[in-house]
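Some notes on the structure that comes next.
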Amino acid sequence: MREKTLEEFHCSGRPQMWQLLAAACWMLLLGPLYGYHKKGSITNPEARMNISQIISYWGYPYENYDVVTKDGYILGIYRIPHGRGCPRTDPRPVVYLQHGLVASASNWICNLPNNSLAFLLADTGYDVWMGNSRGNTWSRKHLKFSPKSPEFWAFSLDEMAKYDLPATIDFIVEKTGQERLFYVGHSQGTTIAFIAFSTNPELAKRIKIFFALAPVITVKYTHSPMRKLTNLSREAVKSRLDVYLAQSPAGTSVQNMLHWAQAVNSGLFRAYDWGNPYQNMIHFQQLTPPLYNVTKMEVPTAIWSGGHDRVADPRDVENVLPNITSLIYYKFIPHYNHVDFYLGQDAPQEIYQDLIRMMEDYF
């Protein structure tokens with residue numbers, strides 16, 4: 001029997017271990033507002049658009065590419081090479097944006113241009129690239145395996161860190177001719193970065209600054225998804241909700257959700273446990289999955305965390321801060337929940353202005 005996709009398995013009613021799966025799916029606004037999506041009408045034209053169409057709709061140029069990983073996955077990535085004005089003639093600094101769990105590159109463009117990080121960066125003078133993790137809507141191809149096969153879905157965040165990030169960053173470096181770039185991650189986008197930059201020193205050297213929004217390393221204290229939207233105005237919910245829901249959840253593998261379930265149960269930051277010593281030996285050359293040592297990461301890191309974040313719980317964040325050896329900035333935003341970091345109406349004031357300032361100060 002083939003392994004089921006995220007959507008199929010959610011409907012199959014498997015007990016207990018799917019609590020985490022359901023929580024992750026509804027994390028991106030689906031839980032408390034799903035009824036509205038059913039009853040409400042589509043008010044924003046972007047709700048019927050794909051990523052390329054949304055970028056074009058707001059008057060920005062775009063490019064999209066396929067990146068092939070060493071293990072054969074084909075990832076769809078997007079580029080906004082410049083803002084709505086005339087492009088600069090000199091090389092523009094490169095910024096790479098990596099989404100979180102069951103999400104996609106659409107996270108960075110789903111608000112209005114003055115509130116969406118990708119558009120703000122492009123207008124400020126940056127060459128903006130947006131990735132998509134294997135298995136989501138825009139990265140569901142493989143050189144050999146069909147998404148209908150169990151082999152396609154045999155991955156978790158381990159493989160995203162080992163294969164997806166290096167392949168994507170190498171592609172961007174080759175395409176732009178710039179050896180180094182800025183990295184912005186949200187949620188799982190920070191998790192795979194912490195893994196990759198602490199285990200792959202050559203990749204880490206290509207990162208100027210790592211900006212971690214709602215970082216998730218250990219999830220010992222994580223709770224069910226937020227029950228309220230603390231920083232979305234009523235106007236924003238009424239006029240943008242159809243766009244948010246049209247793009248999420250973008251999907252992931254069952255194995256990835258099991259990896260997160262293991263992390264919740266163990267409270268440890270370690271690789272996927274394949275379930276028996278024999279399989280672990282095959283994958284890791286040891287009987288148990290290895291721990292990831294964040295202290296080995298030397299990339300300058302800036303972190304933002306939220307007081308109402310039930311996924312990246314403040315206690316988990318506080319526990320990991322002493323292990324970030326090159327921490328250059330930390331801000332705690334008391335009223336923020338997990339999605340406010342890219343959907344919050346005041347995100348430009350709370351986060352993006354300082355983020356861009358740090359990029360400008362780098363030079």
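Chain labels run A, B, ... following the order of the structure tokens; each chain numbers its residues from 1, and ligands are numbered from 1 in the order shown.
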
Could you build a table of the residues in region 298-358 of chain A lying no more than 12 Å from region 196-199 of chain A, giving for each the nearest pair of atoms and their separation in Å rounded to one decimal place, using only C-alpha atoms, ordered by chain and ascending residue number, as JSON lines?
{"residue": "A:Glu298", "atom": "CA", "partner": "A:Ser198", "partner_atom": "CA", "distance": 7.5}
{"residue": "A:Val299", "atom": "CA", "partner": "A:Phe197", "partner_atom": "CA", "distance": 7.3}
{"residue": "A:Pro300", "atom": "CA", "partner": "A:Phe197", "partner_atom": "CA", "distance": 10.7}
{"residue": "A:Thr301", "atom": "CA", "partner": "A:Phe197", "partner_atom": "CA", "distance": 11.0}
{"residue": "A:Asn323", "atom": "CA", "partner": "A:Ser198", "partner_atom": "CA", "distance": 11.5}
{"residue": "A:Ile324", "atom": "CA", "partner": "A:Ser198", "partner_atom": "CA", "distance": 10.4}
{"residue": "A:Thr325", "atom": "CA", "partner": "A:Ser198", "partner_atom": "CA", "distance": 10.9}
{"residue": "A:Ser326", "atom": "CA", "partner": "A:Ser198", "partner_atom": "CA", "distance": 11.9}

Worksheet item: Could you work out how far CA of Ser156 (chain A) lies from CA of Gln262 (chain A), giving the answer in Å with one decimal?
Response: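 CA of Ser156 (chain A) lies 11.6 Å from CA of Gln262 (chain A).
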
Worksheet entry | Residue list (alpha helix (DSSP H), DSSP) for region 87-177 of chain A, as a ChimeraX atom specification | /A:117-124,157-159,165-176

Print the selection's residues with N, CA, C and O atoms to a file, as a compact mmCIF listing (two decimals), in the first residue's frame.
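Saved to out_35.txt:
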# COMPACT_ATOMS: atom_id res chain seq x y z
N LEU A 117 6.74 40.82 3.15
CA LEU A 117 8.19 40.98 3.23
C LEU A 117 8.88 40.90 1.87
O LEU A 117 9.79 41.68 1.59
N ALA A 118 8.45 39.98 1.02
CA ALA A 118 9.12 39.84 -0.28
C ALA A 118 9.00 41.12 -1.10
O ALA A 118 9.97 41.56 -1.73
N PHE A 119 7.82 41.71 -1.13
CA PHE A 119 7.62 42.95 -1.89
C PHE A 119 8.39 44.12 -1.27
O PHE A 119 8.98 44.93 -1.98
N LEU A 120 8.38 44.19 0.05
CA LEU A 120 9.12 45.27 0.72
C LEU A 120 10.61 45.18 0.42
O LEU A 120 11.27 46.20 0.15
N LEU A 121 11.15 43.98 0.46
CA LEU A 121 12.58 43.80 0.17
C LEU A 121 12.90 44.16 -1.28
O LEU A 121 13.91 44.81 -1.55
N ALA A 122 12.04 43.75 -2.20
CA ALA A 122 12.27 44.07 -3.61
C ALA A 122 12.26 45.58 -3.83
O ALA A 122 13.10 46.12 -4.55
N ASP A 123 11.32 46.26 -3.20
CA ASP A 123 11.22 47.72 -3.36
C ASP A 123 12.38 48.45 -2.68
O ASP A 123 12.71 49.58 -3.05
N THR A 124 12.99 47.79 -1.69
CA THR A 124 14.10 48.42 -0.97
C THR A 124 15.42 48.26 -1.71
O THR A 124 16.39 48.94 -1.41
N LEU A 157 12.30 16.74 7.72
CA LEU A 157 13.12 17.96 7.70
C LEU A 157 14.61 17.65 7.61
O LEU A 157 15.41 18.51 7.22
N ASP A 158 15.03 16.42 7.96
CA ASP A 158 16.44 16.03 7.76
C ASP A 158 16.86 16.22 6.31
O ASP A 158 17.91 16.81 6.02
N GLU A 159 16.03 15.70 5.39
CA GLU A 159 16.37 15.79 3.97
C GLU A 159 16.23 17.22 3.45
O GLU A 159 16.95 17.63 2.54
N LEU A 165 18.08 22.80 0.97
CA LEU A 165 18.74 24.09 1.16
C LEU A 165 20.04 24.21 0.37
O LEU A 165 20.25 25.20 -0.33
N PRO A 166 20.95 23.22 0.44
CA PRO A 166 22.17 23.35 -0.36
C PRO A 166 21.90 23.48 -1.86
O PRO A 166 22.53 24.30 -2.53
N ALA A 167 20.97 22.68 -2.38
CA ALA A 167 20.68 22.74 -3.82
C ALA A 167 20.13 24.11 -4.20
O ALA A 167 20.51 24.69 -5.22
N THR A 168 19.22 24.63 -3.38
CA THR A 168 18.59 25.91 -3.68
C THR A 168 19.60 27.05 -3.58
O THR A 168 19.67 27.92 -4.47
N ILE A 169 20.38 27.07 -2.53
CA ILE A 169 21.35 28.15 -2.34
C ILE A 169 22.44 28.08 -3.41
O ILE A 169 22.87 29.10 -3.95
N ASP A 170 22.89 26.87 -3.74
CA ASP A 170 23.88 26.73 -4.82
C ASP A 170 23.33 27.28 -6.14
O ASP A 170 24.05 27.93 -6.90
N PHE A 171 22.07 26.99 -6.41
CA PHE A 171 21.45 27.47 -7.64
C PHE A 171 21.41 28.99 -7.67
O PHE A 171 21.72 29.62 -8.69
N ILE A 172 21.02 29.60 -6.55
CA ILE A 172 20.93 31.06 -6.48
C ILE A 172 22.31 31.70 -6.66
O ILE A 172 22.46 32.69 -7.39
N VAL A 173 23.31 31.11 -6.02
CA VAL A 173 24.67 31.63 -6.15
C VAL A 173 25.13 31.57 -7.61
O VAL A 173 25.71 32.53 -8.15
N GLU A 174 24.87 30.45 -8.26
CA GLU A 174 25.27 30.31 -9.66
C GLU A 174 24.52 31.28 -10.56
O GLU A 174 25.10 31.88 -11.47
N LYS A 175 23.23 31.47 -10.30
CA LYS A 175 22.41 32.32 -11.15
C LYS A 175 22.76 33.80 -10.98
O LYS A 175 22.76 34.56 -11.95
N THR A 176 23.02 34.22 -9.75
CA THR A 176 23.26 35.64 -9.49
C THR A 176 24.73 36.03 -9.56
O THR A 176 25.05 37.21 -9.68

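Comparing the minimum interatomic distances between Val294 (chain A) and each of A:Arg315, A:Arg79, A:Arg270, A:Arg48, counting only C-alpha atoms, we find that A:Arg270 sits nearest.
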
Per residue of region 35-141 of chain A within 10 Å of region 336-360 of chain A, note the shortest atom pair and the distance in Å to one decimal, counting only C-alpha atoms, and order the rows by chain and increasing residue number, as CSV.
residue,atom,partner,partner_atom,distance
A:Pro93,CA,A:Met359,CA,9.0
A:Val95,CA,A:Met359,CA,9.4
A:His99,CA,A:Tyr342,CA,9.7
A:Gly100,CA,A:Val339,CA,9.8
A:Asn107,CA,A:Tyr342,CA,6.7
A:Trp108,CA,A:Tyr342,CA,6.6
A:Ile109,CA,A:Tyr342,CA,8.9
A:Cys110,CA,A:Leu343,CA,7.8
A:Asn111,CA,A:Leu343,CA,6.7
A:Leu112,CA,A:Gln345,CA,9.7
A:Asn114,CA,A:Pro348,CA,8.1
A:Asn115,CA,A:Pro348,CA,6.3
A:Ser116,CA,A:Tyr342,CA,7.1
A:Leu117,CA,A:Tyr352,CA,7.0
A:Leu120,CA,A:Tyr352,CA,8.4
A:Leu121,CA,A:Ile356,CA,7.6
A:Thr124,CA,A:Ile356,CA,8.3
A:Tyr126,CA,A:Ile356,CA,9.8

Item to complete: Find the spatial neighbours of Ile77 (chain A), counting only C-alpha atoms, within a cut-off of 9 Å - ignore same-chain residues fewer than 5 positions away - and output them as a ChimeraX atom specification.
Response: /A:63-67,105,129-132,138-139,168

Written selection (N, CA, C and O atoms) as a tab-separated table (two decimals), in the first residue's frame:
chain	number	residue	atom	x	y	z
A	63	GLU	N	10.50	35.57	-11.79
A	63	GLU	CA	11.10	34.45	-12.51
A	63	GLU	C	10.85	33.21	-11.67
A	63	GLU	O	10.83	33.28	-10.45
A	64	ASN	N	10.62	32.09	-12.31
A	64	ASN	CA	10.50	30.84	-11.56
A	64	ASN	C	11.39	29.78	-12.19
A	64	ASN	O	11.58	29.74	-13.40
A	65	TYR	N	11.95	28.94	-11.32
A	65	TYR	CA	12.92	27.94	-11.75
A	65	TYR	C	12.64	26.61	-11.06
A	65	TYR	O	12.01	26.56	-10.00
A	66	ASP	N	13.15	25.55	-11.66
A	66	ASP	CA	13.16	24.23	-11.04
A	66	ASP	C	14.57	23.93	-10.57
A	66	ASP	O	15.53	24.03	-11.35
A	67	VAL	N	14.69	23.56	-9.31
A	67	VAL	CA	15.98	23.18	-8.73
A	67	VAL	C	15.94	21.68	-8.44
A	67	VAL	O	15.01	21.20	-7.79
A	105	ALA	N	6.01	29.37	-0.52
A	105	ALA	CA	6.55	30.69	-0.79
A	105	ALA	C	5.48	31.77	-0.79
A	105	ALA	O	5.78	32.95	-0.63
A	129	TRP	N	14.54	35.91	-3.45
A	129	TRP	CA	14.28	34.53	-3.86
A	129	TRP	C	13.43	33.85	-2.79
A	129	TRP	O	13.66	34.07	-1.59
A	130	MET	N	12.48	33.03	-3.22
A	130	MET	CA	11.59	32.34	-2.29
A	130	MET	C	11.58	30.85	-2.60
A	130	MET	O	11.33	30.45	-3.74
A	131	GLY	N	11.85	30.04	-1.58
A	131	GLY	CA	11.92	28.60	-1.78
A	131	GLY	C	10.63	27.88	-1.46
A	131	GLY	O	9.71	28.43	-0.85
A	132	ASN	N	10.58	26.62	-1.87
A	132	ASN	CA	9.48	25.71	-1.54
A	132	ASN	C	10.06	24.36	-1.15
A	132	ASN	O	10.82	23.77	-1.93
A	138	TRP	N	4.19	23.35	-4.72
A	138	TRP	CA	5.05	23.81	-5.80
A	138	TRP	C	6.33	22.97	-5.94
A	138	TRP	O	7.18	23.30	-6.76
A	139	SER	N	6.47	21.94	-5.15
A	139	SER	CA	7.66	21.08	-5.21
A	139	SER	C	7.25	19.62	-5.08
A	139	SER	O	7.73	18.88	-4.23
A	168	THR	N	19.22	24.63	-3.38
A	168	THR	CA	18.59	25.91	-3.68
A	168	THR	C	19.60	27.05	-3.58
A	168	THR	O	19.67	27.92	-4.47

Discussion item. Report as number ranges by chain all protein, DNA and RNA residues lying within 12 Å of Ser266 (chain A), evaluated on only C-alpha atoms, omitting residues in the same chain fewer than 3 positions from it.
Written reply: A: 218-221, 259-263, 269-273, 289, 291

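Here CA of Ser52 (chain A) and CA of Ala154 (chain A) stand 28.6 Å from one another.
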
Item to complete: Pick out each residue of region 73-222 of chain A that DSSP on the backbone tags as strand (DSSP E or B); I need them as a count of residues only.
Response: 32

Discussion item. Give me the residues near Phe210 (chain A) as a PyMOL selection string, where near means some atom within 7 Å (using only C-alpha atoms) and where sequence neighbours in that chain fewer than 2 positions away do not count.
Written reply: chain A and resi 182-184+207-208+212+299-302

Taking only C-alpha atoms into account, produce a table as JSON lines in which each residue of region 75-126 of chain A with an atom at most 12 Å from an atom of region 140-152 of chain A appears once, together with its shortest atom pair and the distance in Å to one decimal, ordered by chain and rising number.
{"residue": "A:Leu75", "atom": "CA", "partner": "A:Lys141", "partner_atom": "CA", "distance": 7.4}
{"residue": "A:Gly76", "atom": "CA", "partner": "A:Arg140", "partner_atom": "CA", "distance": 8.5}
{"residue": "A:Ser104", "atom": "CA", "partner": "A:Arg140", "partner_atom": "CA", "distance": 11.9}

Just-selected residues, N, CA, C and O atoms written as a PDB file, in the first residue's frame:
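Generated file (selection-v4.pdb):
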ATOM      1  N   LEU A  75      12.391  21.115  -7.012  1.00  0.00           N
ATOM      2  CA  LEU A  75      11.815  22.164  -6.180  1.00  0.00           C
ATOM      3  C   LEU A  75      11.493  23.388  -7.032  1.00  0.00           C
ATOM      4  O   LEU A  75      12.331  23.854  -7.802  1.00  0.00           O
ATOM      5  N   GLY A  76      10.297  23.913  -6.869  1.00  0.00           N
ATOM      6  CA  GLY A  76       9.931  25.141  -7.553  1.00  0.00           C
ATOM      7  C   GLY A  76      10.320  26.349  -6.719  1.00  0.00           C
ATOM      8  O   GLY A  76       9.899  26.471  -5.568  1.00  0.00           O
ATOM      9  N   SER A 104       4.203  27.544   2.064  1.00  0.00           N
ATOM     10  CA  SER A 104       4.864  27.685   0.774  1.00  0.00           C
ATOM     11  C   SER A 104       5.402  29.102   0.628  1.00  0.00           C
ATOM     12  O   SER A 104       5.231  29.946   1.515  1.00  0.00           O
TER      13      SER A 104
END

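Using only C-alpha atoms for every distance, the candidate list A:Gln279, A:Ser133, A:Thr288, A:Gln53 yields A:Ser133 as the residue closest to Gln188 (chain A).
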